[in-house]
Each structure stands twice: as C-alpha cells, then as structure tokens.
Amino acid sequence: MPTTPSDLPTTVGAHFSVGRGREAGLTSRRMRAKDLVRPFHGARRTVADIAAEQDEIARDTEPLAPTRASMRRMRSKALSYLQVATPGSFICGASAAVLHGYPVNPPNDLDVAVFAPRRAPKGRGVKGRTIAVHLVDVEVVDGIPTSSPASTWAMLGRDLSVRKLIILGDAIVRVPRDERGIKHPERAGATIEQLQASIDAGSRPGLKKLRAALDRIRVGCASPLETEYRLDSEDAGLPEPELDADICDARGRRLGISEFAYPRYGVVVEVEGDHHRSSKHQWNRDLQKYRDYANAGWEVVRLTAYDIRTLRRGHRIVREVLIRRGWRPDL
C-alpha cells in the first residue's frame, strides 16, 4: 500500500531545485513522490500548486481571461526553470511576450537567453539562445528577469510575419486608460521611438521585417482584431481614422470611447469582442452608448471577429457606410 508523502518544509516553497530540497533535508526518494512534478531537469513543483493555478484559471471568467491564463502558466513555467537556471539567465522571445500579456501564441518550450559570450542554455523544455548585450534590455516582471517589451518585439523579428509584428507592436505601444477613461502613457510597454531604438541597436535576424512592421505600427489599437481591421482598411484605401477616440456631443460632453472614428463623415466603428455579448453590464452600457451616439448624429458600425477574420469583409462594410455618408474614394 503506497504511503502518503510527508509534508514538505515550508522553506522550499511551490517551486524548488533538487539541491535546495537536499539542503532542506529532503531525500531523493521524497523528491520523487507523487505530490511533486519535474518541469525541468533538477527542478520540482508541487502538484498542489498546479491544482491551485488551474482552479484560479477556471474561476476567471472576466474579459481577457485566456490572456491571463497564458500569463499565469508561463509565469509558473519560468519560476520552475529559474530554480535551476544559471545566474544571468532571462526569459525572452515569445515566452517573454506572453509574460508581458501580449498577443503571441504561447510556445511549447521556454525561451531562455544569456548574454554573449556565454553558451545558450540547453535541456528538455528549453529553447536557449545567446544574445549580445547591446541588443536587449532586461527588466523584472513579477520577479522574473525578462527581456523588455521593445527588446522582445525586436527579438521576434526572426519568428513572426510582418503582420504579426505589427499586431504585437500595436499592443506594446498602446496607451492604457483607467476606469475613468483617462489615458496613462507611462503604462505603455514602449513607445514607437523605443521600438525604433531596438532596431537601431544593431544587426539582428528579421531586421527587414521589423523595419517594414514599424512603418505601420500605430498607437491606439487595444486588440489584435482592431489592428487587423486597421490594416485591412488601410490596404483597401479607406481614409485614416482616429484611434481610441473620445466621442463627444455638441457641448463637448464625452459620450463614450470608440476604437475607430471618422469624424468628417460622422462614422464610428466598434470592434465587438466576446465580452461585449457575454457581459450583461457591458451589453447594457454599449446599448446606451450607441443611443447617445445616434442622438449626436453618429452612425455606428459594429464589427465582429467573423467579419474581420473569417470573411475579411469588415473594411468593405465600413466602406459602404462611408460612401453613403459622403466619402468619395476617387478624391
């Protein structure tokens, strides 16, 4: 009959190395017990911590829950690896982008870098690389050394398409708003100038793609869907909209904030994510906002992922409305 593993010392925590376990008095047999997993060679993580993380993810049903779930899982993976990482190692590339909360698919292996001339990390579950000091800035994200947003974007030049680099760049330079709708530039991951500086730092893989992407990155898109509509509308020759626009009435009172506005034609474009239909509060707030817009003379065009990604017709829908409202494509 299998025995129940003895309690772990509180000093080792949820993530620890075999060496640290030995220092705390754990035997090799104890560190092979069923209440521990081995995420990396020489590293241990408690099953209880995994269960708690899964429960936390399951309870999160608010907007952007999938993004936060990816961030939590990546943070756990990084914390496990850091227990056995050589000093000076940092998370980079796609793994760093996920840690920052940016729209990049989580990689299977953890991206880990060291500065040249040290040798790239190796091992199961690790994608190591060596990078010159002048090509990357490192900052600490929730206790984890990570390449900065601008450096992360530049490092992904070799892996992402130009379109995906634009989507990522838009997410990095976006200026967040607080609950009162006030913009906070200091909370942006980076500025366009900082992205430019990451390109200017020196030769790196994907430099041509990075330069092409930088030309089309804009401040104001809050989601990949918004960037995709923006790019499609630009390619289709639509007039340039205002991004993340304050919509006001004749007295200057703000009626709402919209993703895209064409003030000359009185047209607003709203990109509807899943939370717009799943949140009753958001749904009711949107309805009132659209009524206020209509009373102020604005026409609202609502686009979904199906319009933008699946059918690739979002820009055509808006084009028809703009023409009806006075835009002349040939002028």
# chains A, B, ... in the order shown; residues from 1 in each chain; ligands from 1
>>> select_by_dssp(residues="range 56-276 of chain A", states="strand (DSSP E or B)", output="number ranges by chain")
A: 90-91, 110-115, 126-131, 138-141, 144-147, 177, 183, 242-248, 254-262, 267-271
>>> write_last_selection(atoms="C-alpha atoms", output="short mmCIF file (atom, residue, chain, number, x, y, z; two decimals), in the first residue's frame")
data_model
loop_
_atom_site.label_atom_id
_atom_site.label_comp_id
_atom_site.auth_asym_id
_atom_site.auth_seq_id
_atom_site.Cartn_x
_atom_site.Cartn_y
_atom_site.Cartn_z
CA PHE A 90 16.42 35.69 -18.55
CA ILE A 91 13.16 34.88 -20.31
CA LEU A 110 10.52 28.13 -22.59
CA ASP A 111 12.60 30.78 -24.38
CA VAL A 112 15.68 31.49 -22.26
CA ALA A 113 18.65 33.68 -23.12
CA VAL A 114 22.04 34.59 -21.73
CA PHE A 115 24.43 37.31 -22.77
CA VAL A 126 14.09 24.88 -23.02
CA LYS A 127 14.87 26.85 -26.18
CA GLY A 128 18.11 28.62 -25.39
CA ARG A 129 19.89 31.41 -27.16
CA THR A 130 22.89 33.68 -26.71
CA ILE A 131 22.47 37.37 -27.44
CA VAL A 138 16.23 43.17 -19.37
CA GLU A 139 13.66 44.09 -16.75
CA VAL A 140 11.97 42.21 -13.91
CA VAL A 141 8.34 41.18 -14.46
CA ILE A 144 11.17 37.15 -13.29
CA PRO A 145 14.07 38.62 -15.35
CA THR A 146 12.58 39.18 -18.78
CA SER A 147 13.50 40.97 -21.99
CA ARG A 177 -6.87 54.12 -19.94
CA LYS A 183 -5.01 57.86 -20.74
CA GLU A 242 -8.87 58.41 -35.34
CA LEU A 243 -7.91 55.58 -32.99
CA ASP A 244 -9.13 55.13 -29.42
CA ALA A 245 -11.30 58.20 -29.97
CA ASP A 246 -13.31 60.21 -27.46
CA ILE A 247 -16.79 60.72 -28.91
CA CYS A 248 -18.41 63.90 -27.64
CA ARG A 254 -17.94 62.69 -23.69
CA LEU A 255 -20.47 60.08 -24.75
CA GLY A 256 -18.03 57.22 -24.98
CA ILE A 257 -14.73 55.92 -26.26
CA SER A 258 -14.60 54.07 -29.56
CA GLU A 259 -11.94 52.08 -31.37
CA PHE A 260 -12.21 53.97 -34.68
CA ALA A 261 -13.82 57.26 -35.61
CA TYR A 262 -14.20 59.05 -38.93
CA VAL A 267 -18.98 57.31 -38.56
CA VAL A 268 -17.78 55.23 -35.61
CA VAL A 269 -16.50 51.66 -35.87
CA GLU A 270 -16.81 49.37 -32.85
CA VAL A 271 -14.99 46.04 -32.80
#
>>> select_by_dssp(residues="range 52-241 of chain A", states="alpha helix (DSSP H)", output="VMD selection string")
chain A and resid 52 to 59 65 to 82 93 to 100 149 to 155 162 to 173 192 to 200 207 to 214 224 to 235
>>> residues_around(residues="Ile308 in chain A", least_positions_apart="5", cutoff="10 Å", atoms="only C-alpha atoms", output="list in words")
Leu225, Glu226, Glu228, Tyr229, Arg230, Asp232, Val271, Leu303, Arg313, Gly314, His315, Arg316 and Ile317 of chain A
>>> write_last_selection(atoms="N, CA, C and O atoms", output="compact mmCIF listing (two decimals), in the first residue's frame")
# COMPACT_ATOMS: atom_id res chain seq x y z
N LEU A 225 -7.74 42.16 -33.09
CA LEU A 225 -8.84 42.37 -34.03
C LEU A 225 -8.86 43.81 -34.53
O LEU A 225 -9.10 44.07 -35.71
N GLU A 226 -8.63 44.75 -33.64
CA GLU A 226 -8.61 46.15 -34.04
C GLU A 226 -7.47 46.42 -35.02
O GLU A 226 -7.65 47.13 -36.02
N GLU A 228 -6.08 44.26 -36.99
CA GLU A 228 -6.37 43.59 -38.25
C GLU A 228 -7.35 44.42 -39.09
O GLU A 228 -7.18 44.54 -40.30
N TYR A 229 -8.37 45.00 -38.44
CA TYR A 229 -9.28 45.86 -39.19
C TYR A 229 -8.53 47.08 -39.72
O TYR A 229 -8.70 47.48 -40.88
N ARG A 230 -7.68 47.67 -38.88
CA ARG A 230 -6.94 48.86 -39.31
C ARG A 230 -6.08 48.56 -40.52
O ARG A 230 -6.06 49.34 -41.50
N ASP A 232 -6.44 46.12 -42.74
CA ASP A 232 -7.28 45.83 -43.91
C ASP A 232 -7.86 47.11 -44.50
O ASP A 232 -7.94 47.27 -45.72
N VAL A 271 -15.38 47.43 -32.63
CA VAL A 271 -14.99 46.04 -32.80
C VAL A 271 -15.44 45.27 -31.57
O VAL A 271 -14.98 45.52 -30.46
N LEU A 303 -18.49 45.61 -35.80
CA LEU A 303 -17.82 44.50 -36.49
C LEU A 303 -17.42 43.43 -35.49
O LEU A 303 -17.06 43.72 -34.34
N ARG A 313 -14.39 40.96 -44.45
CA ARG A 313 -15.28 41.92 -45.08
C ARG A 313 -15.48 43.18 -44.24
O ARG A 313 -16.24 44.07 -44.63
N GLY A 314 -14.82 43.27 -43.10
CA GLY A 314 -15.04 44.42 -42.22
C GLY A 314 -14.81 45.75 -42.92
O GLY A 314 -15.61 46.68 -42.81
N HIS A 315 -13.70 45.84 -43.65
CA HIS A 315 -13.38 47.10 -44.34
C HIS A 315 -14.39 47.41 -45.43
O HIS A 315 -14.67 48.58 -45.71
N ARG A 316 -14.96 46.36 -46.05
CA ARG A 316 -15.96 46.60 -47.09
C ARG A 316 -17.26 47.12 -46.49
O ARG A 316 -17.93 47.98 -47.09
N ILE A 317 -17.62 46.61 -45.33
CA ILE A 317 -18.82 47.10 -44.64
C ILE A 317 -18.67 48.58 -44.32
O ILE A 317 -19.57 49.39 -44.56
>>> residues_around(residues="range 200-206 of chain A", least_positions_apart="2", cutoff="8 Å", atoms="only C-alpha atoms", output="list of chain:residue names")
A:His134, A:Leu135, A:Met155, A:Leu156, A:Gly157, A:Arg158, A:Asp159, A:Gln196, A:Ala197, A:Ser198, A:Lys208, A:Lys209, A:Leu210
>>> atom_distance(atom1="CA of Leu311 in chain A", atom2="CA of Asp235 in chain A")
15.8 Å
>>> atom_distance(atom1="CA of Gly125 in chain A", atom2="CA of Ile50 in chain A")
17.4 Å
>>> residues_around(residues="Gly25 in chain A", least_positions_apart="6", cutoff="12 Å", atoms="only C-alpha atoms", output="ChimeraX atom specification")
/A:6-12,18-19,31
>>> closest_residue(among="A:Ala78, A:Leu195, A:Ala65, A:Val37", to="Asp142 in chain A", atoms="only C-alpha atoms")
A:Ala78
>>> closest_atom_pairs(of="range 136-183 of chain A", to="range 98-103 of chain A", cutoff="8 Å", atoms="only C-alpha atoms", output="JSON lines")
{"residue": "A:Val141", "atom": "CA", "partner": "A:His100", "partner_atom": "CA", "distance": 7.5}
{"residue": "A:Pro149", "atom": "CA", "partner": "A:His100", "partner_atom": "CA", "distance": 7.3}
{"residue": "A:Ile167", "atom": "CA", "partner": "A:Pro103", "partner_atom": "CA", "distance": 7.6}
{"residue": "A:Leu168", "atom": "CA", "partner": "A:Pro103", "partner_atom": "CA", "distance": 6.2}
{"residue": "A:Ala171", "atom": "CA", "partner": "A:Tyr102", "partner_atom": "CA", "distance": 6.4}
{"residue": "A:Ile172", "atom": "CA", "partner": "A:Tyr102", "partner_atom": "CA", "distance": 7.2}
>>> write_last_selection(atoms="C-alpha atoms", output="PDB file, in the first residue's frame")
ATOM      1  CA  VAL A 141       8.339  41.183 -14.463  1.00  0.00           C
ATOM      2  CA  PRO A 149       8.759  44.825 -24.429  1.00  0.00           C
ATOM      3  CA  ILE A 167      -0.145  43.358 -34.186  1.00  0.00           C
ATOM      4  CA  LEU A 168       2.415  42.814 -31.435  1.00  0.00           C
ATOM      5  CA  ALA A 171      -0.183  46.014 -28.353  1.00  0.00           C
ATOM      6  CA  ILE A 172       3.146  47.170 -26.940  1.00  0.00           C
TER       7      ILE A 172
END
>>> atom_distance(atom1="CA of Val175 in chain A", atom2="CA of Val219 in chain A")
7.0 Å
>>> closest_residue(among="A:Arg44, A:Pro39, A:Leu231, A:Leu79", to="Val162 in chain A", atoms="only C-alpha atoms")
A:Leu231
>>> residues_around(residues="range 72-74 of chain A", least_positions_apart="2", cutoff="8 Å", atoms="only C-alpha atoms", output="ChimeraX atom specification")
/A:53,68-70,76-78,95,98-99,106
>>> closest_residue(among="A:Asp170, A:Asp307, A:Glu179, A:Asp249", to="Thr227 in chain A", atoms="only C-alpha atoms")
A:Asp170
>>> residues_around(residues="Arg38 in chain A", least_positions_apart="2", cutoff="12 Å", atoms="only C-alpha atoms", output="ChimeraX atom specification")
/A:14-18,31-36,40-47,50,77,80-81,83-84,124-125
>>> write_last_selection(atoms="N, CA, C and O atoms", output="mmCIF file, in the first residue's frame")
data_model
loop_
_atom_site.group_PDB
_atom_site.id
_atom_site.type_symbol
_atom_site.label_atom_id
_atom_site.label_comp_id
_atom_site.auth_asym_id
_atom_site.auth_seq_id
_atom_site.Cartn_x
_atom_site.Cartn_y
_atom_site.Cartn_z
ATOM 1 N N ALA A 14 6.644 26.335 -3.467
ATOM 2 C CA ALA A 14 5.962 25.549 -4.501
ATOM 3 C C ALA A 14 6.909 25.151 -5.628
ATOM 4 O O ALA A 14 6.681 24.160 -6.314
ATOM 5 N N HIS A 15 7.949 25.945 -5.849
ATOM 6 C CA HIS A 15 8.961 25.660 -6.874
ATOM 7 C C HIS A 15 10.317 25.580 -6.173
ATOM 8 O O HIS A 15 10.696 26.485 -5.426
ATOM 9 N N PHE A 16 11.058 24.524 -6.432
ATOM 10 C CA PHE A 16 12.383 24.434 -5.825
ATOM 11 C C PHE A 16 13.260 23.490 -6.639
ATOM 12 O O PHE A 16 12.780 22.693 -7.443
ATOM 13 N N SER A 17 14.552 23.605 -6.418
ATOM 14 C CA SER A 17 15.513 22.735 -7.092
ATOM 15 C C SER A 17 15.807 21.533 -6.207
ATOM 16 O O SER A 17 15.564 21.546 -4.996
ATOM 17 N N VAL A 18 16.342 20.494 -6.829
ATOM 18 C CA VAL A 18 16.737 19.319 -6.068
ATOM 19 C C VAL A 18 17.793 19.696 -5.028
ATOM 20 O O VAL A 18 17.759 19.231 -3.881
ATOM 21 N N MET A 31 11.761 13.392 -3.089
ATOM 22 C CA MET A 31 11.619 14.304 -4.219
ATOM 23 C C MET A 31 11.140 13.599 -5.488
ATOM 24 O O MET A 31 10.951 14.233 -6.514
ATOM 25 N N ARG A 32 10.947 12.254 -5.398
ATOM 26 C CA ARG A 32 10.317 11.516 -6.491
ATOM 27 C C ARG A 32 8.871 11.162 -6.180
ATOM 28 O O ARG A 32 8.223 10.456 -6.954
ATOM 29 N N ALA A 33 8.349 11.674 -5.069
ATOM 30 C CA ALA A 33 6.996 11.328 -4.628
ATOM 31 C C ALA A 33 5.940 11.897 -5.576
ATOM 32 O O ALA A 33 6.191 12.820 -6.365
ATOM 33 N N LYS A 34 4.737 11.336 -5.466
ATOM 34 C CA LYS A 34 3.665 11.658 -6.411
ATOM 35 C C LYS A 34 3.102 13.068 -6.245
ATOM 36 O O LYS A 34 2.362 13.528 -7.120
ATOM 37 N N ASP A 35 3.430 13.742 -5.155
ATOM 38 C CA ASP A 35 2.910 15.098 -4.975
ATOM 39 C C ASP A 35 3.832 16.155 -5.573
ATOM 40 O O ASP A 35 3.610 17.360 -5.392
ATOM 41 N N LEU A 36 4.846 15.695 -6.316
ATOM 42 C CA LEU A 36 5.773 16.606 -6.974
ATOM 43 C C LEU A 36 5.882 16.255 -8.454
ATOM 44 O O LEU A 36 5.793 15.086 -8.836
ATOM 45 N N PHE A 40 11.438 20.667 -15.185
ATOM 46 C CA PHE A 40 12.744 20.738 -15.841
ATOM 47 C C PHE A 40 13.715 19.842 -15.076
ATOM 48 O O PHE A 40 13.477 19.506 -13.913
ATOM 49 N N HIS A 41 14.795 19.494 -15.732
ATOM 50 C CA HIS A 41 15.796 18.662 -15.066
ATOM 51 C C HIS A 41 16.298 19.375 -13.814
ATOM 52 O O HIS A 41 16.772 20.517 -13.869
ATOM 53 N N GLY A 42 16.188 18.690 -12.685
ATOM 54 C CA GLY A 42 16.668 19.252 -11.424
ATOM 55 C C GLY A 42 15.686 20.167 -10.731
ATOM 56 O O GLY A 42 15.997 20.706 -9.665
ATOM 57 N N ALA A 43 14.493 20.359 -11.310
ATOM 58 C CA ALA A 43 13.501 21.257 -10.723
ATOM 59 C C ALA A 43 12.286 20.460 -10.253
ATOM 60 O O ALA A 43 11.944 19.424 -10.826
ATOM 61 N N ARG A 44 11.619 20.959 -9.224
ATOM 62 C CA ARG A 44 10.413 20.340 -8.701
ATOM 63 C C ARG A 44 9.333 21.413 -8.492
ATOM 64 O O ARG A 44 9.633 22.560 -8.184
ATOM 65 N N ARG A 45 8.082 20.961 -8.674
ATOM 66 C CA ARG A 45 6.928 21.827 -8.413
ATOM 67 C C ARG A 45 5.850 20.993 -7.757
ATOM 68 O O ARG A 45 5.636 19.835 -8.134
ATOM 69 N N THR A 46 5.156 21.551 -6.792
ATOM 70 C CA THR A 46 4.144 20.775 -6.091
ATOM 71 C C THR A 46 2.879 20.622 -6.933
ATOM 72 O O THR A 46 2.471 21.548 -7.640
ATOM 73 N N VAL A 47 2.271 19.452 -6.854
ATOM 74 C CA VAL A 47 1.010 19.195 -7.539
ATOM 75 C C VAL A 47 -0.076 20.113 -6.982
ATOM 76 O O VAL A 47 -0.963 20.564 -7.713
ATOM 77 N N ILE A 50 -0.067 23.351 -8.803
ATOM 78 C CA ILE A 50 -0.674 23.222 -10.134
ATOM 79 C C ILE A 50 -2.190 23.228 -10.020
ATOM 80 O O ILE A 50 -2.894 23.896 -10.790
ATOM 81 N N LYS A 77 5.926 28.300 -15.348
ATOM 82 C CA LYS A 77 6.991 27.610 -16.072
ATOM 83 C C LYS A 77 8.328 28.321 -15.857
ATOM 84 O O LYS A 77 9.362 27.672 -15.617
ATOM 85 N N SER A 80 9.672 27.790 -12.302
ATOM 86 C CA SER A 80 10.276 26.463 -12.151
ATOM 87 C C SER A 80 11.680 26.437 -12.748
ATOM 88 O O SER A 80 12.624 25.914 -12.140
ATOM 89 N N TYR A 81 11.815 27.008 -13.942
ATOM 90 C CA TYR A 81 13.123 26.963 -14.594
ATOM 91 C C TYR A 81 14.160 27.783 -13.838
ATOM 92 O O TYR A 81 15.339 27.385 -13.752
ATOM 93 N N GLN A 83 14.677 28.040 -10.883
ATOM 94 C CA GLN A 83 15.243 27.306 -9.745
ATOM 95 C C GLN A 83 16.548 26.613 -10.119
ATOM 96 O O GLN A 83 17.384 26.343 -9.257
ATOM 97 N N VAL A 84 16.712 26.310 -11.422
ATOM 98 C CA VAL A 84 17.906 25.585 -11.857
ATOM 99 C C VAL A 84 18.704 26.367 -12.900
ATOM 100 O O VAL A 84 19.709 25.863 -13.419
ATOM 101 N N ARG A 124 15.657 19.683 -21.804
ATOM 102 C CA ARG A 124 14.279 19.403 -22.178
ATOM 103 C C ARG A 124 13.369 20.560 -21.776
ATOM 104 O O ARG A 124 13.402 21.023 -20.650
ATOM 105 N N GLY A 125 12.575 20.992 -22.731
ATOM 106 C CA GLY A 125 11.618 22.050 -22.437
ATOM 107 C C GLY A 125 12.180 23.453 -22.508
ATOM 108 O O GLY A 125 11.493 24.416 -22.184
#
>>> decode(residues="range 232-244 of chain A", atoms="all heavy atoms", output="PDB file, in the first residue's frame")
ATOM      1  N   ASP A 232      -6.437  46.117 -42.739  1.00  0.00           N
ATOM      2  CA  ASP A 232      -7.283  45.832 -43.905  1.00  0.00           C
ATOM      3  C   ASP A 232      -7.864  47.110 -44.496  1.00  0.00           C
ATOM      4  O   ASP A 232      -7.945  47.267 -45.720  1.00  0.00           O
ATOM      5  CB  ASP A 232      -8.415  44.878 -43.513  1.00  0.00           C
ATOM      6  CG  ASP A 232      -7.919  43.464 -43.230  1.00  0.00           C
ATOM      7  OD1 ASP A 232      -6.783  43.147 -43.620  1.00  0.00           O
ATOM      8  OD2 ASP A 232      -8.678  42.690 -42.613  1.00  0.00           O
ATOM      9  N   SER A 233      -8.268  48.038 -43.620  1.00  0.00           N
ATOM     10  CA  SER A 233      -8.857  49.288 -44.120  1.00  0.00           C
ATOM     11  C   SER A 233      -7.803  50.153 -44.802  1.00  0.00           C
ATOM     12  O   SER A 233      -8.078  50.816 -45.815  1.00  0.00           O
ATOM     13  CB  SER A 233      -9.528  50.057 -42.971  1.00  0.00           C
ATOM     14  OG  SER A 233      -8.577  50.523 -42.025  1.00  0.00           O
ATOM     15  N   GLU A 234      -6.584  50.152 -44.281  1.00  0.00           N
ATOM     16  CA  GLU A 234      -5.505  50.897 -44.928  1.00  0.00           C
ATOM     17  C   GLU A 234      -5.202  50.307 -46.303  1.00  0.00           C
ATOM     18  O   GLU A 234      -5.044  51.040 -47.293  1.00  0.00           O
ATOM     19  CB  GLU A 234      -4.237  50.853 -44.054  1.00  0.00           C
ATOM     20  CG  GLU A 234      -4.310  51.691 -42.791  1.00  0.00           C
ATOM     21  CD  GLU A 234      -3.068  51.525 -41.931  1.00  0.00           C
ATOM     22  OE1 GLU A 234      -2.135  50.803 -42.365  1.00  0.00           O
ATOM     23  OE2 GLU A 234      -3.024  52.090 -40.825  1.00  0.00           O
ATOM     24  N   ASP A 235      -5.105  48.979 -46.356  1.00  0.00           N
ATOM     25  CA  ASP A 235      -4.807  48.320 -47.637  1.00  0.00           C
ATOM     26  C   ASP A 235      -5.912  48.573 -48.659  1.00  0.00           C
ATOM     27  O   ASP A 235      -5.649  48.589 -49.874  1.00  0.00           O
ATOM     28  CB  ASP A 235      -4.635  46.815 -47.421  1.00  0.00           C
ATOM     29  CG  ASP A 235      -3.378  46.481 -46.628  1.00  0.00           C
ATOM     30  OD1 ASP A 235      -2.477  47.332 -46.550  1.00  0.00           O
ATOM     31  OD2 ASP A 235      -3.318  45.365 -46.074  1.00  0.00           O
ATOM     32  N   ALA A 236      -7.148  48.756 -48.177  1.00  0.00           N
ATOM     33  CA  ALA A 236      -8.277  48.986 -49.080  1.00  0.00           C
ATOM     34  C   ALA A 236      -8.431  50.454 -49.463  1.00  0.00           C
ATOM     35  O   ALA A 236      -9.323  50.800 -50.244  1.00  0.00           O
ATOM     36  CB  ALA A 236      -9.565  48.490 -48.429  1.00  0.00           C
ATOM     37  N   GLY A 237      -7.577  51.321 -48.926  1.00  0.00           N
ATOM     38  CA  GLY A 237      -7.619  52.731 -49.298  1.00  0.00           C
ATOM     39  C   GLY A 237      -8.640  53.568 -48.567  1.00  0.00           C
ATOM     40  O   GLY A 237      -8.947  54.686 -49.003  1.00  0.00           O
ATOM     41  N   LEU A 238      -9.179  53.073 -47.449  1.00  0.00           N
ATOM     42  CA  LEU A 238     -10.127  53.871 -46.679  1.00  0.00           C
ATOM     43  C   LEU A 238      -9.407  55.049 -46.033  1.00  0.00           C
ATOM     44  O   LEU A 238      -8.192  55.001 -45.801  1.00  0.00           O
ATOM     45  CB  LEU A 238     -10.798  53.018 -45.602  1.00  0.00           C
ATOM     46  CG  LEU A 238     -12.099  52.307 -45.990  1.00  0.00           C
ATOM     47  CD1 LEU A 238     -11.860  51.341 -47.134  1.00  0.00           C
ATOM     48  CD2 LEU A 238     -12.703  51.583 -44.797  1.00  0.00           C
ATOM     49  N   PRO A 239     -10.139  56.128 -45.730  1.00  0.00           N
ATOM     50  CA  PRO A 239      -9.491  57.259 -45.054  1.00  0.00           C
ATOM     51  C   PRO A 239      -8.969  56.838 -43.687  1.00  0.00           C
ATOM     52  O   PRO A 239      -9.472  55.889 -43.079  1.00  0.00           O
ATOM     53  CB  PRO A 239     -10.620  58.290 -44.937  1.00  0.00           C
ATOM     54  CG  PRO A 239     -11.878  57.523 -45.084  1.00  0.00           C
ATOM     55  CD  PRO A 239     -11.565  56.370 -45.990  1.00  0.00           C
ATOM     56  N   GLU A 240      -7.955  57.538 -43.220  1.00  0.00           N
ATOM     57  CA  GLU A 240      -7.343  57.181 -41.939  1.00  0.00           C
ATOM     58  C   GLU A 240      -8.259  57.592 -40.792  1.00  0.00           C
ATOM     59  O   GLU A 240      -8.666  58.749 -40.692  1.00  0.00           O
ATOM     60  CB  GLU A 240      -5.990  57.875 -41.792  1.00  0.00           C
ATOM     61  CG  GLU A 240      -5.239  57.464 -40.541  1.00  0.00           C
ATOM     62  CD  GLU A 240      -3.836  58.041 -40.491  1.00  0.00           C
ATOM     63  OE1 GLU A 240      -3.393  58.622 -41.509  1.00  0.00           O
ATOM     64  OE2 GLU A 240      -3.186  57.924 -39.439  1.00  0.00           O
ATOM     65  N   PRO A 241      -8.604  56.668 -39.907  1.00  0.00           N
ATOM     66  CA  PRO A 241      -9.487  57.012 -38.785  1.00  0.00           C
ATOM     67  C   PRO A 241      -8.711  57.523 -37.580  1.00  0.00           C
ATOM     68  O   PRO A 241      -7.488  57.356 -37.487  1.00  0.00           O
ATOM     69  CB  PRO A 241     -10.137  55.669 -38.460  1.00  0.00           C
ATOM     70  CG  PRO A 241      -9.040  54.680 -38.743  1.00  0.00           C
ATOM     71  CD  PRO A 241      -8.273  55.233 -39.929  1.00  0.00           C
ATOM     72  N   GLU A 242      -9.429  58.138 -36.654  1.00  0.00           N
ATOM     73  CA  GLU A 242      -8.867  58.410 -35.338  1.00  0.00           C
ATOM     74  C   GLU A 242      -8.978  57.127 -34.526  1.00  0.00           C
ATOM     75  O   GLU A 242      -9.994  56.426 -34.571  1.00  0.00           O
ATOM     76  CB  GLU A 242      -9.642  59.535 -34.640  1.00  0.00           C
ATOM     77  CG  GLU A 242      -9.463  60.897 -35.265  1.00  0.00           C
ATOM     78  CD  GLU A 242     -10.184  61.993 -34.478  1.00  0.00           C
ATOM     79  OE1 GLU A 242     -10.662  61.702 -33.349  1.00  0.00           O
ATOM     80  OE2 GLU A 242     -10.291  63.113 -34.991  1.00  0.00           O
ATOM     81  N   LEU A 243      -7.933  56.794 -33.788  1.00  0.00           N
ATOM     82  CA  LEU A 243      -7.912  55.581 -32.990  1.00  0.00           C
ATOM     83  C   LEU A 243      -8.155  55.891 -31.527  1.00  0.00           C
ATOM     84  O   LEU A 243      -7.726  56.929 -31.016  1.00  0.00           O
ATOM     85  CB  LEU A 243      -6.558  54.877 -33.144  1.00  0.00           C
ATOM     86  CG  LEU A 243      -6.069  54.605 -34.571  1.00  0.00           C
ATOM     87  CD1 LEU A 243      -4.721  53.905 -34.530  1.00  0.00           C
ATOM     88  CD2 LEU A 243      -7.080  53.784 -35.355  1.00  0.00           C
ATOM     89  N   ASP A 244      -8.856  54.968 -30.849  1.00  0.00           N
ATOM     90  CA  ASP A 244      -9.132  55.128 -29.423  1.00  0.00           C
ATOM     91  C   ASP A 244      -9.700  56.533 -29.181  1.00  0.00           C
ATOM     92  O   ASP A 244      -9.187  57.302 -28.382  1.00  0.00           O
ATOM     93  CB  ASP A 244      -7.853  54.914 -28.614  1.00  0.00           C
ATOM     94  CG  ASP A 244      -8.103  54.812 -27.120  1.00  0.00           C
ATOM     95  OD1 ASP A 244      -9.199  54.403 -26.717  1.00  0.00           O
ATOM     96  OD2 ASP A 244      -7.179  55.178 -26.350  1.00  0.00           O
TER      97      ASP A 244
END
